[in-house]
Amino acid sequence: MLDEIHIRDLVVSGILGINPEERINRQDILVNATLWADTRPAAASDDIGDAVNYRTITKRLIAHIEEGEPMLVERLVAELAEMCFASDDRVAAVEMTVEKPGALRHARSVGITIHRTRGEEDA
């Protein structure tokens with residue numbers, strides 16, 4: 001059985017969308033992620049070298065959102081999930097949600113959640 005590592009309510013300013021104003025004006029992008037990994041080696045050793053370093057992964061997600069300018073949420077959410085796998089071989093599965101708060105007039109947010117398993121990232 002694998003354990004869950006949560007990154008919750010990460011808000012990053014970035015360019016995302018197809019409308020002209022979205023291509024110019026940065027907007028808040030809300031990210032939630034769950035990474036599945038075996039945390040027992042880190043628990044036993046109490047050594048960061050045995051742990052999935054969620055700080056390093058989060059910094060990579062932030063940089064990607066700040067630097068990238070995808071048109072679609074579908075692309076960004078897939079790229080972020082792939083980054084989790086690329087960051088640490090111990091990550092076995094990822095559930096990633098990307099939301100655009102205020103994108104729809106009568107909704108708090110709109111977004112997409114995907115679930116990927118290592119080896120099936122591109123399937």
# chains A, B, ... in the order shown; residues from 1 in each chain; ligands from 1

call {"tool": "residues_around", "arguments": {"residues": "segment 89-101 of chain A", "least_positions_apart": "2", "cutoff": "6 Å", "atoms": "only C-alpha atoms", "output": "PyMOL selection string"}}
result
chain A and resi 29-37+77+85+103+108-118

call {"tool": "select_by_dssp", "arguments": {"residues": "segment 1-116 of chain A", "states": "strand (DSSP E)", "output": "PyMOL selection string"}}
result
chain A and resi 3-14+27-37+93-101+109-116

call {"tool": "closest_residue", "arguments": {"among": "A:Glu82, A:Glu21, A:Asp28, A:Asp38", "to": "Met1 of chain A", "atoms": "only C-alpha atoms"}}
result
A:Asp38

call {"tool": "closest_residue", "arguments": {"among": "A:Ala43, A:Met71, A:Ala51, A:Leu104", "to": "Gly17 of chain A", "atoms": "only C-alpha atoms"}}
result
A:Met71

call {"tool": "closest_residue", "arguments": {"among": "A:Ala81, A:Ala86, A:Glu4, A:Glu22", "to": "Arg40 of chain A", "atoms": "only C-alpha atoms"}}
result
A:Glu4

call {"tool": "residues_around", "arguments": {"residues": "Leu16 of chain A", "least_positions_apart": "2", "cutoff": "8 Å", "atoms": "only C-alpha atoms", "output": "list in words"}}
result
Gly14, Ile18, Glu22, Arg23, Arg26, Gln27, Glu69, Pro70, Met71, Leu72 and Val73 of chain A

call {"tool": "atom_distance", "arguments": {"atom1": "atom CA of Pro41 of chain A", "atom2": "atom CA of Asn53 of chain A"}}
result
13.0 Å

call {"tool": "select_by_dssp", "arguments": {"residues": "chain A", "states": "helix (DSSP H, G or I)", "output": "ChimeraX atom specification"}}
result
/A:20-24,40-45,48-50,54-67,73-87

call {"tool": "write_last_selection", "arguments": {"atoms": "C-alpha atoms", "output": "PDB file, in the first residue's frame"}}
result
ATOM      1  CA  PRO A  20      -6.826  37.833 -25.478  1.00  0.00           C
ATOM      2  CA  GLU A  21      -6.861  39.274 -21.949  1.00  0.00           C
ATOM      3  CA  GLU A  22      -5.739  35.904 -20.536  1.00  0.00           C
ATOM      4  CA  ARG A  23      -2.742  35.946 -22.875  1.00  0.00           C
ATOM      5  CA  ILE A  24      -1.624  39.324 -21.470  1.00  0.00           C
ATOM      6  CA  ARG A  40       8.269   4.035   5.131  1.00  0.00           C
ATOM      7  CA  PRO A  41      11.981   4.330   4.220  1.00  0.00           C
ATOM      8  CA  ALA A  42      11.988   8.015   5.232  1.00  0.00           C
ATOM      9  CA  ALA A  43      10.017   7.276   8.396  1.00  0.00           C
ATOM     10  CA  ALA A  44      12.524   4.600   9.396  1.00  0.00           C
ATOM     11  CA  SER A  45      15.664   6.624   8.645  1.00  0.00           C
ATOM     12  CA  ILE A  48      15.399  13.633   3.794  1.00  0.00           C
ATOM     13  CA  GLY A  49      17.395  11.617   1.253  1.00  0.00           C
ATOM     14  CA  ASP A  50      14.903   8.792   1.744  1.00  0.00           C
ATOM     15  CA  TYR A  54       7.680  17.885  -1.697  1.00  0.00           C
ATOM     16  CA  ARG A  55       9.431  21.249  -1.324  1.00  0.00           C
ATOM     17  CA  THR A  56      11.581  20.588  -4.394  1.00  0.00           C
ATOM     18  CA  ILE A  57       8.573  19.351  -6.366  1.00  0.00           C
ATOM     19  CA  THR A  58       6.495  22.381  -5.356  1.00  0.00           C
ATOM     20  CA  LYS A  59       9.255  24.792  -6.408  1.00  0.00           C
ATOM     21  CA  ARG A  60       9.356  23.117  -9.835  1.00  0.00           C
ATOM     22  CA  LEU A  61       5.586  23.364 -10.208  1.00  0.00           C
ATOM     23  CA  ILE A  62       5.665  27.060  -9.302  1.00  0.00           C
ATOM     24  CA  ALA A  63       8.479  27.817 -11.761  1.00  0.00           C
ATOM     25  CA  HIS A  64       6.670  25.970 -14.550  1.00  0.00           C
ATOM     26  CA  ILE A  65       3.438  27.881 -13.995  1.00  0.00           C
ATOM     27  CA  GLU A  66       5.240  31.229 -13.779  1.00  0.00           C
ATOM     28  CA  GLU A  67       7.332  30.604 -16.918  1.00  0.00           C
ATOM     29  CA  VAL A  73      -5.892  23.885 -18.509  1.00  0.00           C
ATOM     30  CA  GLU A  74      -5.722  20.358 -19.970  1.00  0.00           C
ATOM     31  CA  ARG A  75      -2.150  20.953 -21.092  1.00  0.00           C
ATOM     32  CA  LEU A  76      -0.995  22.567 -17.862  1.00  0.00           C
ATOM     33  CA  VAL A  77      -2.458  19.891 -15.585  1.00  0.00           C
ATOM     34  CA  ALA A  78      -0.799  17.126 -17.672  1.00  0.00           C
ATOM     35  CA  GLU A  79       2.562  18.935 -17.650  1.00  0.00           C
ATOM     36  CA  LEU A  80       2.447  19.405 -13.880  1.00  0.00           C
ATOM     37  CA  ALA A  81       1.632  15.739 -13.265  1.00  0.00           C
ATOM     38  CA  GLU A  82       4.543  14.706 -15.501  1.00  0.00           C
ATOM     39  CA  MET A  83       6.849  17.019 -13.543  1.00  0.00           C
ATOM     40  CA  CYS A  84       6.029  15.119 -10.352  1.00  0.00           C
ATOM     41  CA  PHE A  85       7.172  11.855 -11.943  1.00  0.00           C
ATOM     42  CA  ALA A  86      10.288  13.482 -13.409  1.00  0.00           C
ATOM     43  CA  SER A  87      11.186  14.990 -10.028  1.00  0.00           C
TER      44      SER A  87
END

call {"tool": "atom_distance", "arguments": {"atom1": "atom CA of Ile5 of chain A", "atom2": "atom CA of Gly68 of chain A"}}
result
24.8 Å
